[in-house]
>>> print(open('structure.txt').read())   # compact mmCIF, N, CA and C atoms
# COMPACT_ATOMS: atom_id res chain seq x y z
N MET M 20 109.73 90.70 95.00
CA MET M 20 110.63 89.97 94.15
C MET M 20 112.08 90.31 94.55
N THR M 21 112.91 89.31 94.61
CA THR M 21 114.31 89.55 94.94
C THR M 21 115.04 90.16 93.74
N ALA M 22 116.20 90.72 94.00
CA ALA M 22 116.98 91.35 92.92
C ALA M 22 117.38 90.31 91.88
N ILE M 23 117.27 90.70 90.64
CA ILE M 23 117.67 89.83 89.53
C ILE M 23 119.10 90.16 89.18
N ARG M 24 119.91 89.13 89.01
CA ARG M 24 121.31 89.30 88.64
C ARG M 24 121.60 88.48 87.40
N PHE M 25 122.55 88.93 86.63
CA PHE M 25 122.99 88.19 85.46
C PHE M 25 123.72 86.94 85.93
N HIS M 26 123.45 85.79 85.30
CA HIS M 26 124.10 84.54 85.69
C HIS M 26 125.15 84.11 84.66
N HIS M 27 124.76 83.94 83.40
CA HIS M 27 125.70 83.56 82.35
C HIS M 27 125.10 83.81 80.98
N VAL M 28 125.96 83.73 79.98
CA VAL M 28 125.54 83.80 78.60
C VAL M 28 125.97 82.48 77.97
N SER M 29 125.26 82.03 76.95
CA SER M 29 125.56 80.76 76.31
C SER M 29 125.89 80.97 74.84
N LEU M 30 126.96 80.33 74.38
CA LEU M 30 127.35 80.38 72.98
C LEU M 30 127.26 78.99 72.38
N SER M 31 126.66 78.88 71.21
CA SER M 31 126.66 77.64 70.47
C SER M 31 127.97 77.61 69.67
N VAL M 32 128.72 76.52 69.81
CA VAL M 32 130.04 76.43 69.16
C VAL M 32 130.16 75.14 68.36
N ALA M 33 131.07 75.14 67.40
CA ALA M 33 131.30 73.95 66.58
C ALA M 33 132.30 73.01 67.25
N ASP M 34 133.28 73.57 67.96
CA ASP M 34 134.35 72.76 68.56
C ASP M 34 134.52 73.16 70.02
N LEU M 35 133.89 72.42 70.89
CA LEU M 35 133.89 72.73 72.32
C LEU M 35 135.30 72.76 72.89
N THR M 36 136.11 71.80 72.56
CA THR M 36 137.46 71.71 73.10
C THR M 36 138.31 72.93 72.71
N THR M 37 138.25 73.31 71.44
CA THR M 37 139.02 74.45 70.96
C THR M 37 138.53 75.74 71.59
N GLN M 38 137.24 75.95 71.66
CA GLN M 38 136.70 77.18 72.23
C GLN M 38 136.99 77.26 73.73
N GLU M 39 136.90 76.13 74.43
CA GLU M 39 137.21 76.11 75.87
C GLU M 39 138.66 76.54 76.08
N ALA M 40 139.57 76.03 75.28
CA ALA M 40 140.99 76.40 75.41
C ALA M 40 141.21 77.87 75.05
N TRP M 41 140.57 78.35 73.99
CA TRP M 41 140.78 79.74 73.57
C TRP M 41 140.27 80.72 74.63
N TYR M 42 139.06 80.51 75.12
CA TYR M 42 138.50 81.42 76.11
C TYR M 42 139.26 81.35 77.44
N GLY M 43 139.82 80.18 77.75
CA GLY M 43 140.65 80.06 78.95
C GLY M 43 141.91 80.91 78.81
N ASN M 44 142.59 80.78 77.69
CA ASN M 44 143.82 81.53 77.45
C ASN M 44 143.54 83.01 77.23
N ALA M 45 142.59 83.34 76.40
CA ALA M 45 142.34 84.73 76.00
C ALA M 45 141.67 85.55 77.09
N LEU M 46 140.70 84.97 77.78
CA LEU M 46 139.90 85.75 78.74
C LEU M 46 140.00 85.25 80.18
N GLY M 47 140.79 84.23 80.41
CA GLY M 47 140.95 83.75 81.79
C GLY M 47 139.77 82.96 82.30
N LEU M 48 138.93 82.44 81.41
CA LEU M 48 137.80 81.61 81.83
C LEU M 48 138.33 80.18 82.02
N VAL M 49 138.88 79.92 83.19
CA VAL M 49 139.57 78.65 83.43
C VAL M 49 138.89 77.77 84.47
N HIS M 50 137.93 78.31 85.21
CA HIS M 50 137.22 77.51 86.21
C HIS M 50 136.05 76.79 85.54
N VAL M 51 136.01 75.48 85.65
CA VAL M 51 134.90 74.71 85.09
C VAL M 51 133.81 74.62 86.15
N ASP M 52 132.72 75.33 85.93
CA ASP M 52 131.60 75.33 86.88
C ASP M 52 130.68 74.13 86.65
N GLU M 53 130.61 73.70 85.40
CA GLU M 53 129.69 72.61 85.06
C GLU M 53 130.12 72.01 83.72
N ARG M 54 130.01 70.72 83.61
CA ARG M 54 130.28 70.03 82.34
C ARG M 54 129.18 68.99 82.19
N LEU M 55 128.58 68.93 81.02
CA LEU M 55 127.46 68.02 80.80
C LEU M 55 127.52 67.44 79.39
N GLU M 56 127.27 66.15 79.29
CA GLU M 56 127.16 65.50 77.99
C GLU M 56 125.80 64.83 77.92
N MET M 57 125.07 65.10 76.86
CA MET M 57 123.76 64.52 76.63
C MET M 57 123.79 63.79 75.30
N PRO M 58 124.30 62.55 75.27
CA PRO M 58 124.44 61.82 74.00
C PRO M 58 123.13 61.67 73.25
N GLU M 59 122.02 61.51 73.97
CA GLU M 59 120.73 61.34 73.30
C GLU M 59 120.32 62.57 72.50
N ALA M 60 120.81 63.75 72.91
CA ALA M 60 120.51 64.99 72.19
C ALA M 60 121.69 65.41 71.31
N GLY M 61 122.83 64.71 71.45
CA GLY M 61 124.01 65.08 70.68
C GLY M 61 124.63 66.38 71.14
N VAL M 62 124.53 66.67 72.43
CA VAL M 62 124.98 67.95 72.96
C VAL M 62 126.04 67.74 74.04
N ARG M 63 127.09 68.56 73.98
CA ARG M 63 128.08 68.65 75.05
C ARG M 63 128.16 70.10 75.48
N THR M 64 128.26 70.33 76.79
CA THR M 64 128.34 71.71 77.29
C THR M 64 129.42 71.82 78.36
N VAL M 65 129.92 73.05 78.51
CA VAL M 65 130.78 73.39 79.62
C VAL M 65 130.47 74.83 80.00
N VAL M 66 130.41 75.09 81.30
CA VAL M 66 130.26 76.45 81.82
C VAL M 66 131.59 76.83 82.43
N LEU M 67 132.19 77.88 81.90
CA LEU M 67 133.48 78.36 82.39
C LEU M 67 133.30 79.71 83.07
N SER M 68 134.15 79.98 84.07
CA SER M 68 134.10 81.28 84.73
C SER M 68 135.50 81.75 85.07
N ASP M 69 135.58 83.02 85.45
CA ASP M 69 136.85 83.58 85.92
C ASP M 69 136.69 83.96 87.39
N ALA M 70 137.75 84.43 88.00
CA ALA M 70 137.73 84.76 89.43
C ALA M 70 136.80 85.92 89.76
N ALA M 71 136.51 86.78 88.77
CA ALA M 71 135.65 87.93 89.00
C ALA M 71 134.16 87.62 88.83
N GLY M 72 133.83 86.41 88.37
CA GLY M 72 132.43 86.03 88.25
C GLY M 72 131.87 86.03 86.85
N LEU M 73 132.67 86.37 85.84
CA LEU M 73 132.19 86.25 84.45
C LEU M 73 131.96 84.78 84.17
N ARG M 74 130.81 84.44 83.63
CA ARG M 74 130.46 83.03 83.40
C ARG M 74 129.89 82.89 81.99
N VAL M 75 130.48 81.94 81.21
CA VAL M 75 130.03 81.70 79.84
C VAL M 75 129.84 80.21 79.66
N GLU M 76 128.70 79.84 79.09
CA GLU M 76 128.42 78.45 78.76
C GLU M 76 128.68 78.25 77.27
N PHE M 77 129.33 77.14 76.93
CA PHE M 77 129.59 76.78 75.55
C PHE M 77 128.84 75.49 75.26
N VAL M 78 128.07 75.47 74.18
CA VAL M 78 127.26 74.31 73.83
C VAL M 78 127.67 73.85 72.44
N GLU M 79 128.05 72.58 72.34
CA GLU M 79 128.45 72.00 71.06
C GLU M 79 127.38 71.00 70.62
N ARG M 80 126.92 71.17 69.39
CA ARG M 80 125.98 70.22 68.80
C ARG M 80 126.41 69.98 67.37
N PRO M 81 126.84 68.77 67.05
CA PRO M 81 127.27 68.49 65.68
C PRO M 81 126.20 68.87 64.66
N GLY M 82 126.65 69.45 63.57
CA GLY M 82 125.72 69.86 62.52
C GLY M 82 125.20 71.27 62.67
N SER M 83 125.55 71.93 63.78
CA SER M 83 125.10 73.32 63.92
C SER M 83 125.78 74.16 62.84
N SER M 84 125.16 75.25 62.48
CA SER M 84 125.75 76.10 61.45
C SER M 84 126.10 77.46 62.04
N PRO M 85 127.21 78.02 61.59
CA PRO M 85 127.66 79.29 62.15
C PRO M 85 126.86 80.48 61.63
N ALA M 86 126.71 81.46 62.48
CA ALA M 86 126.20 82.76 62.05
C ALA M 86 127.44 83.60 61.81
N ALA M 87 127.61 84.12 60.62
CA ALA M 87 128.82 84.85 60.28
C ALA M 87 128.49 86.24 59.77
N PRO M 88 128.15 87.16 60.68
CA PRO M 88 127.83 88.52 60.23
C PRO M 88 129.08 89.21 59.69
N ALA M 89 128.90 90.04 58.68
CA ALA M 89 130.01 90.77 58.08
C ALA M 89 130.59 91.80 59.03
N ASP M 90 129.77 92.34 59.90
CA ASP M 90 130.21 93.33 60.87
C ASP M 90 129.22 93.33 62.04
N PRO M 91 129.53 94.07 63.13
CA PRO M 91 128.64 94.06 64.29
C PRO M 91 127.22 94.51 63.99
N PHE M 92 127.05 95.38 63.00
CA PHE M 92 125.71 95.88 62.69
C PHE M 92 124.93 94.87 61.87
N ALA M 93 125.60 94.11 61.02
CA ALA M 93 124.93 93.06 60.25
C ALA M 93 124.38 91.98 61.17
N ALA M 94 125.01 91.79 62.32
CA ALA M 94 124.55 90.79 63.28
C ALA M 94 123.14 91.08 63.77
N THR M 95 122.72 92.33 63.72
CA THR M 95 121.39 92.70 64.20
C THR M 95 120.29 92.37 63.20
N ALA M 96 120.64 91.81 62.04
CA ALA M 96 119.65 91.43 61.04
C ALA M 96 118.86 90.19 61.45
N VAL M 97 119.35 89.48 62.44
CA VAL M 97 118.65 88.30 62.98
C VAL M 97 118.29 88.61 64.42
N GLN M 98 117.08 88.31 64.81
CA GLN M 98 116.63 88.63 66.15
C GLN M 98 117.11 87.57 67.14
N THR M 99 118.30 87.81 67.67
CA THR M 99 118.93 86.94 68.65
C THR M 99 119.98 87.76 69.37
N PHE M 100 120.72 87.14 70.26
CA PHE M 100 121.83 87.84 70.89
C PHE M 100 122.89 88.06 69.83
N THR M 101 123.51 89.24 69.80
CA THR M 101 124.43 89.56 68.71
C THR M 101 125.90 89.55 69.11
N HIS M 102 126.20 89.78 70.38
CA HIS M 102 127.59 89.79 70.81
C HIS M 102 127.69 89.72 72.32
N LEU M 103 128.88 89.41 72.80
CA LEU M 103 129.20 89.41 74.22
C LEU M 103 130.04 90.65 74.48
N ALA M 104 129.58 91.53 75.36
CA ALA M 104 130.31 92.77 75.67
C ALA M 104 131.05 92.59 76.98
N LEU M 105 132.34 92.89 76.95
CA LEU M 105 133.20 92.72 78.11
C LEU M 105 133.91 94.02 78.44
N GLN M 106 133.84 94.45 79.69
CA GLN M 106 134.56 95.65 80.10
C GLN M 106 136.00 95.28 80.42
N VAL M 107 136.92 96.03 79.85
CA VAL M 107 138.35 95.79 80.05
C VAL M 107 138.99 97.06 80.62
N PRO M 108 140.06 96.91 81.41
CA PRO M 108 140.67 98.10 82.01
C PRO M 108 141.49 98.93 81.01
N ASP M 109 142.06 98.31 79.98
CA ASP M 109 142.88 99.00 78.99
C ASP M 109 142.52 98.45 77.61
N LEU M 110 141.69 99.19 76.89
CA LEU M 110 141.16 98.73 75.60
C LEU M 110 142.27 98.46 74.59
N ASP M 111 143.21 99.37 74.47
CA ASP M 111 144.27 99.20 73.48
C ASP M 111 145.10 97.95 73.77
N ALA M 112 145.45 97.73 75.02
CA ALA M 112 146.24 96.55 75.40
C ALA M 112 145.44 95.27 75.17
N ALA M 113 144.16 95.27 75.55
CA ALA M 113 143.33 94.08 75.37
C ALA M 113 143.14 93.77 73.88
N PHE M 114 142.87 94.79 73.08
CA PHE M 114 142.68 94.59 71.64
C PHE M 114 143.96 94.05 71.01
N ALA M 115 145.11 94.62 71.37
CA ALA M 115 146.39 94.17 70.81
C ALA M 115 146.69 92.74 71.22
N ARG M 116 146.47 92.39 72.49
CA ARG M 116 146.76 91.03 72.96
C ARG M 116 145.84 90.01 72.31
N LEU M 117 144.54 90.32 72.28
CA LEU M 117 143.57 89.37 71.75
C LEU M 117 143.72 89.16 70.24
N THR M 118 144.01 90.23 69.50
CA THR M 118 144.17 90.09 68.05
C THR M 118 145.57 89.64 67.66
N GLY M 119 146.53 89.81 68.55
CA GLY M 119 147.90 89.38 68.26
C GLY M 119 148.17 88.01 68.84
N GLU M 120 148.53 87.99 70.08
CA GLU M 120 148.92 86.76 70.78
C GLU M 120 147.83 85.69 70.77
N CYS M 121 146.56 86.09 70.89
CA CYS M 121 145.47 85.11 71.01
C CYS M 121 144.80 84.77 69.68
N GLY M 122 145.10 85.50 68.62
CA GLY M 122 144.59 85.16 67.30
C GLY M 122 143.16 85.54 67.01
N ALA M 123 142.56 86.43 67.80
CA ALA M 123 141.20 86.89 67.49
C ALA M 123 141.24 87.74 66.23
N ALA M 124 140.18 87.68 65.45
CA ALA M 124 140.10 88.51 64.25
C ALA M 124 139.66 89.92 64.63
N PRO M 125 140.39 90.95 64.20
CA PRO M 125 139.92 92.31 64.46
C PRO M 125 138.70 92.60 63.58
N VAL M 126 137.67 93.15 64.17
CA VAL M 126 136.45 93.47 63.43
C VAL M 126 136.29 94.98 63.33
N SER M 127 136.49 95.67 64.45
CA SER M 127 136.36 97.13 64.51
C SER M 127 137.40 97.62 65.52
N PRO M 128 138.35 98.47 65.10
CA PRO M 128 139.42 98.90 66.00
C PRO M 128 138.90 99.81 67.12
N PRO M 129 139.70 100.02 68.15
CA PRO M 129 139.28 100.91 69.23
C PRO M 129 138.82 102.27 68.72
N ALA M 130 137.69 102.71 69.25
CA ALA M 130 137.10 103.98 68.83
C ALA M 130 136.32 104.57 70.00
N PRO M 131 136.07 105.89 69.96
CA PRO M 131 135.27 106.50 71.02
C PRO M 131 133.84 105.99 70.99
N GLY M 132 133.26 105.80 72.16
CA GLY M 132 131.86 105.40 72.27
C GLY M 132 130.96 106.61 72.35
N VAL M 133 129.68 106.39 72.40
CA VAL M 133 128.71 107.48 72.49
C VAL M 133 128.74 108.10 73.88
N THR M 134 128.89 107.27 74.90
CA THR M 134 128.91 107.74 76.28
C THR M 134 130.26 108.39 76.59
N MET M 135 130.24 109.52 77.23
CA MET M 135 131.46 110.24 77.59
C MET M 135 132.40 109.32 78.37
N GLY M 136 133.66 109.25 77.96
CA GLY M 136 134.65 108.45 78.66
C GLY M 136 134.65 106.98 78.29
N MET M 137 133.83 106.57 77.34
CA MET M 137 133.77 105.17 76.94
C MET M 137 134.42 104.99 75.58
N ARG M 138 135.16 103.89 75.43
CA ARG M 138 135.72 103.50 74.14
C ARG M 138 135.37 102.04 73.93
N TYR M 139 135.34 101.62 72.66
CA TYR M 139 134.96 100.24 72.37
C TYR M 139 135.71 99.72 71.14
N ALA M 140 135.70 98.42 70.99
CA ALA M 140 136.24 97.74 69.81
C ALA M 140 135.52 96.41 69.69
N TYR M 141 135.55 95.83 68.51
CA TYR M 141 134.98 94.50 68.30
C TYR M 141 136.07 93.56 67.78
N ILE M 142 136.01 92.33 68.25
CA ILE M 142 136.86 91.25 67.75
C ILE M 142 135.96 90.04 67.52
N ALA M 143 136.50 89.03 66.85
CA ALA M 143 135.77 87.77 66.67
C ALA M 143 136.64 86.64 67.20
N ASP M 144 136.01 85.71 67.92
CA ASP M 144 136.73 84.55 68.43
C ASP M 144 137.05 83.61 67.26
N PRO M 145 137.73 82.49 67.50
CA PRO M 145 138.11 81.60 66.39
C PRO M 145 136.95 81.08 65.54
N GLU M 146 135.73 81.09 66.07
CA GLU M 146 134.58 80.64 65.29
C GLU M 146 133.75 81.79 64.75
N GLY M 147 134.21 83.02 64.96
CA GLY M 147 133.50 84.18 64.41
C GLY M 147 132.50 84.83 65.34
N ASN M 148 132.37 84.35 66.59
CA ASN M 148 131.46 84.99 67.54
C ASN M 148 131.99 86.38 67.88
N LEU M 149 131.11 87.37 67.86
CA LEU M 149 131.52 88.75 68.12
C LEU M 149 131.67 89.02 69.61
N LEU M 150 132.77 89.68 69.95
CA LEU M 150 133.02 90.15 71.31
C LEU M 150 133.25 91.64 71.24
N GLU M 151 132.54 92.39 72.05
CA GLU M 151 132.77 93.83 72.14
C GLU M 151 133.61 94.07 73.39
N LEU M 152 134.66 94.83 73.23
CA LEU M 152 135.52 95.20 74.35
C LEU M 152 135.21 96.66 74.67
N ILE M 153 134.97 96.94 75.95
CA ILE M 153 134.57 98.29 76.36
C ILE M 153 135.50 98.77 77.47
N GLU M 154 136.00 99.99 77.32
CA GLU M 154 136.79 100.64 78.35
C GLU M 154 136.01 101.86 78.82
N VAL M 155 135.86 102.00 80.12
CA VAL M 155 135.17 103.13 80.71
C VAL M 155 136.14 103.85 81.64
N SER M 156 136.37 105.14 81.37
CA SER M 156 137.30 105.88 82.23
C SER M 156 136.56 106.78 83.20
>>> encode(input="structure.txt", output="structure tokens")
Amino acid sequence: MTAIRFHHVSLSVADLTTQEAWYGNALGLVHVDERLEMPEAGVRTVVLSDAAGLRVEFVERPGSSPAAPADPFAATAVQTFTHLALQVPDLDAAFARLTGECGAAPVSPPAPGVTMGMRYAYIADPEGNLLELIEVS
């Protein structure tokens, strides 16, 4: 068997246009790898990536309902993917920029992780999807 590599993660969103713009500005996901509209299913999708290879698919389906966990641990009450974890070079700077300039909701401020030299924080995108920011020194 050949080596398995991560390809992308998919988020169900209420407003594809708004989320595409936010992730482009906030995380640099500006390359459109794929765009698809399936009117018969009521679905629109876009796969965005950055220069380093991070790839996220956004899927919009009218009538979908948001999952709104109170905190990162409450998200684990449903058996599904709970958050997108992103490694950042400077956790404090990324947290400040994303929660300030980009308007992400702070969920959990920067704190030491369990692994030596690791720190983490949680934020929520405009629709409440959890993002974990991780700094490894």
>>> closest_residue(input="structure.txt", among="M:Val51, M:Leu152, M:Val133, M:Val126", to="Ala89 in chain M", atoms="all atoms listed in the file")
M:Val126
>>> atom_distance(input="structure.txt", atom1="CA of Ala86 in chain M", atom2="CA of Ala113 in chain M")
24.5 Å
>>> closest_residue(input="structure.txt", among="M:Pro108, M:Leu73, M:Val155, M:Pro125", to="Met137 in chain M", atoms="all atoms listed in the file")
M:Val155
>>> select_by_dssp(input="structure.txt", residues="range 35-156 of chain M", states="alpha helix (DSSP H)", output="list in words")
Leu35, Thr36, Thr37, Gln38, Glu39, Ala40, Trp41, Tyr42, Gly43, Asn44, Ala45, Leu46, Leu110, Asp111, Ala112, Ala113, Phe114, Ala115, Arg116, Leu117 and Thr118 of chain M
>>> atom_distance(input="structure.txt", atom1="CA of Gly47 in chain M", atom2="CA of Ser31 in chain M")
19.2 Å
>>> residues_around(input="structure.txt", residues="Glu56 in chain M", least_positions_apart="4", cutoff="10 Å", atoms="only C-alpha atoms", output="VMD selection string")
chain M and resid 60 to 65 78 to 79
>>> select_by_dssp(input="structure.txt", residues="chain M", states="strand (DSSP E)", output="PyMOL selection string")
chain M and resi 28-32+50-57+62-68+74-79+103-106+124-131+137-143+149-155
>>> atom_distance(input="structure.txt", atom1="CA of His50 in chain M", atom2="CA of Ser156 in chain M")
28.6 Å
>>> residues_around(input="structure.txt", residues="Glu154 in chain M", least_positions_apart="4", cutoff="6.5 Å", atoms="all atoms listed in the file", output="ChimeraX atom specification")
/M:105-110,136-139
>>> closest_residue(input="structure.txt", among="M:Val32, M:Met135, M:Val49, M:Ala104", to="Glu76 in chain M", atoms="all atoms listed in the file")
M:Val32
>>> closest_residue(input="structure.txt", among="M:Pro128, M:Gly43, M:Gly122, M:Gly147", to="Ala70 in chain M", atoms="only C-alpha atoms")
M:Gly43
>>> residues_around(input="structure.txt", residues="Cys121 in chain M", least_positions_apart="5", cutoff="8 Å", atoms="only C-alpha atoms", output="VMD selection string")
chain M and resid 41 44 to 45 116
>>> write_last_selection(input="structure.txt", atoms="N, CA and C atoms", output="PDB file, keeping the file's coordinate frame")
ATOM      1  N   TRP M  41     140.570  78.350  73.990  1.00  0.00           N
ATOM      2  CA  TRP M  41     140.780  79.740  73.570  1.00  0.00           C
ATOM      3  C   TRP M  41     140.270  80.720  74.630  1.00  0.00           C
ATOM      4  N   ASN M  44     142.590  80.780  77.690  1.00  0.00           N
ATOM      5  CA  ASN M  44     143.820  81.530  77.450  1.00  0.00           C
ATOM      6  C   ASN M  44     143.540  83.010  77.230  1.00  0.00           C
ATOM      7  N   ALA M  45     142.590  83.340  76.400  1.00  0.00           N
ATOM      8  CA  ALA M  45     142.340  84.730  76.000  1.00  0.00           C
ATOM      9  C   ALA M  45     141.670  85.550  77.090  1.00  0.00           C
ATOM     10  N   ARG M 116     146.470  92.390  72.490  1.00  0.00           N
ATOM     11  CA  ARG M 116     146.760  91.030  72.960  1.00  0.00           C
ATOM     12  C   ARG M 116     145.840  90.010  72.310  1.00  0.00           C
TER      13      ARG M 116
END
>>> residues_around(input="structure.txt", residues="Ala124 in chain M", least_positions_apart="5", cutoff="7 Å", atoms="all atoms listed in the file", output="list in words")
Leu117, Thr118, Tyr141, Ile142, Ala143, Asp144 and Pro145 of chain M
>>> axis_aligned_box(input="structure.txt", around="range 126-137 of chain M", padding_each_side="8 Å", output="lines of an AutoDock Vina configuration file")
center_x = 134.2
center_y = 101.7
center_z = 71.0
size_x = 27.0
size_y = 33.1
size_z = 31.3
>>> build_atoms(input="structure.txt", residues="range 54-68 of chain M", atoms="N, CA, C and O atoms", output="PDB file, keeping the file's coordinate frame")
ATOM      1  N   ARG M  54     130.010  70.720  83.610  1.00  0.00           N
ATOM      2  CA  ARG M  54     130.280  70.030  82.340  1.00  0.00           C
ATOM      3  C   ARG M  54     129.180  68.990  82.190  1.00  0.00           C
ATOM      4  O   ARG M  54     128.892  68.255  83.136  1.00  0.00           O
ATOM      5  N   LEU M  55     128.580  68.930  81.020  1.00  0.00           N
ATOM      6  CA  LEU M  55     127.460  68.020  80.800  1.00  0.00           C
ATOM      7  C   LEU M  55     127.520  67.440  79.390  1.00  0.00           C
ATOM      8  O   LEU M  55     127.797  68.161  78.432  1.00  0.00           O
ATOM      9  N   GLU M  56     127.270  66.150  79.290  1.00  0.00           N
ATOM     10  CA  GLU M  56     127.160  65.500  77.990  1.00  0.00           C
ATOM     11  C   GLU M  56     125.800  64.830  77.920  1.00  0.00           C
ATOM     12  O   GLU M  56     125.408  64.119  78.843  1.00  0.00           O
ATOM     13  N   MET M  57     125.070  65.100  76.860  1.00  0.00           N
ATOM     14  CA  MET M  57     123.760  64.520  76.630  1.00  0.00           C
ATOM     15  C   MET M  57     123.790  63.790  75.300  1.00  0.00           C
ATOM     16  O   MET M  57     123.382  64.351  74.267  1.00  0.00           O
ATOM     17  N   PRO M  58     124.300  62.550  75.270  1.00  0.00           N
ATOM     18  CA  PRO M  58     124.440  61.820  74.000  1.00  0.00           C
ATOM     19  C   PRO M  58     123.130  61.670  73.250  1.00  0.00           C
ATOM     20  O   PRO M  58     123.113  61.726  72.012  1.00  0.00           O
ATOM     21  N   GLU M  59     122.020  61.510  73.970  1.00  0.00           N
ATOM     22  CA  GLU M  59     120.730  61.340  73.300  1.00  0.00           C
ATOM     23  C   GLU M  59     120.320  62.570  72.500  1.00  0.00           C
ATOM     24  O   GLU M  59     119.604  62.474  71.513  1.00  0.00           O
ATOM     25  N   ALA M  60     120.810  63.750  72.910  1.00  0.00           N
ATOM     26  CA  ALA M  60     120.510  64.990  72.190  1.00  0.00           C
ATOM     27  C   ALA M  60     121.690  65.410  71.310  1.00  0.00           C
ATOM     28  O   ALA M  60     121.590  66.380  70.560  1.00  0.00           O
ATOM     29  N   GLY M  61     122.830  64.710  71.450  1.00  0.00           N
ATOM     30  CA  GLY M  61     124.010  65.080  70.680  1.00  0.00           C
ATOM     31  C   GLY M  61     124.630  66.380  71.140  1.00  0.00           C
ATOM     32  O   GLY M  61     125.194  67.126  70.344  1.00  0.00           O
ATOM     33  N   VAL M  62     124.530  66.670  72.430  1.00  0.00           N
ATOM     34  CA  VAL M  62     124.980  67.950  72.960  1.00  0.00           C
ATOM     35  C   VAL M  62     126.040  67.740  74.040  1.00  0.00           C
ATOM     36  O   VAL M  62     125.899  66.853  74.893  1.00  0.00           O
ATOM     37  N   ARG M  63     127.090  68.560  73.980  1.00  0.00           N
ATOM     38  CA  ARG M  63     128.080  68.650  75.050  1.00  0.00           C
ATOM     39  C   ARG M  63     128.160  70.100  75.480  1.00  0.00           C
ATOM     40  O   ARG M  63     128.118  70.998  74.640  1.00  0.00           O
ATOM     41  N   THR M  64     128.260  70.330  76.790  1.00  0.00           N
ATOM     42  CA  THR M  64     128.340  71.710  77.290  1.00  0.00           C
ATOM     43  C   THR M  64     129.420  71.820  78.360  1.00  0.00           C
ATOM     44  O   THR M  64     129.772  70.843  79.027  1.00  0.00           O
ATOM     45  N   VAL M  65     129.920  73.050  78.510  1.00  0.00           N
ATOM     46  CA  VAL M  65     130.780  73.390  79.620  1.00  0.00           C
ATOM     47  C   VAL M  65     130.470  74.830  80.000  1.00  0.00           C
ATOM     48  O   VAL M  65     130.223  75.670  79.137  1.00  0.00           O
ATOM     49  N   VAL M  66     130.410  75.090  81.300  1.00  0.00           N
ATOM     50  CA  VAL M  66     130.260  76.450  81.820  1.00  0.00           C
ATOM     51  C   VAL M  66     131.590  76.830  82.430  1.00  0.00           C
ATOM     52  O   VAL M  66     132.066  76.151  83.350  1.00  0.00           O
ATOM     53  N   LEU M  67     132.190  77.880  81.900  1.00  0.00           N
ATOM     54  CA  LEU M  67     133.480  78.360  82.390  1.00  0.00           C
ATOM     55  C   LEU M  67     133.300  79.710  83.070  1.00  0.00           C
ATOM     56  O   LEU M  67     132.435  80.500  82.688  1.00  0.00           O
ATOM     57  N   SER M  68     134.150  79.980  84.070  1.00  0.00           N
ATOM     58  CA  SER M  68     134.100  81.280  84.730  1.00  0.00           C
ATOM     59  C   SER M  68     135.500  81.750  85.070  1.00  0.00           C
ATOM     60  O   SER M  68     136.461  80.986  85.013  1.00  0.00           O
TER      61      SER M  68
END
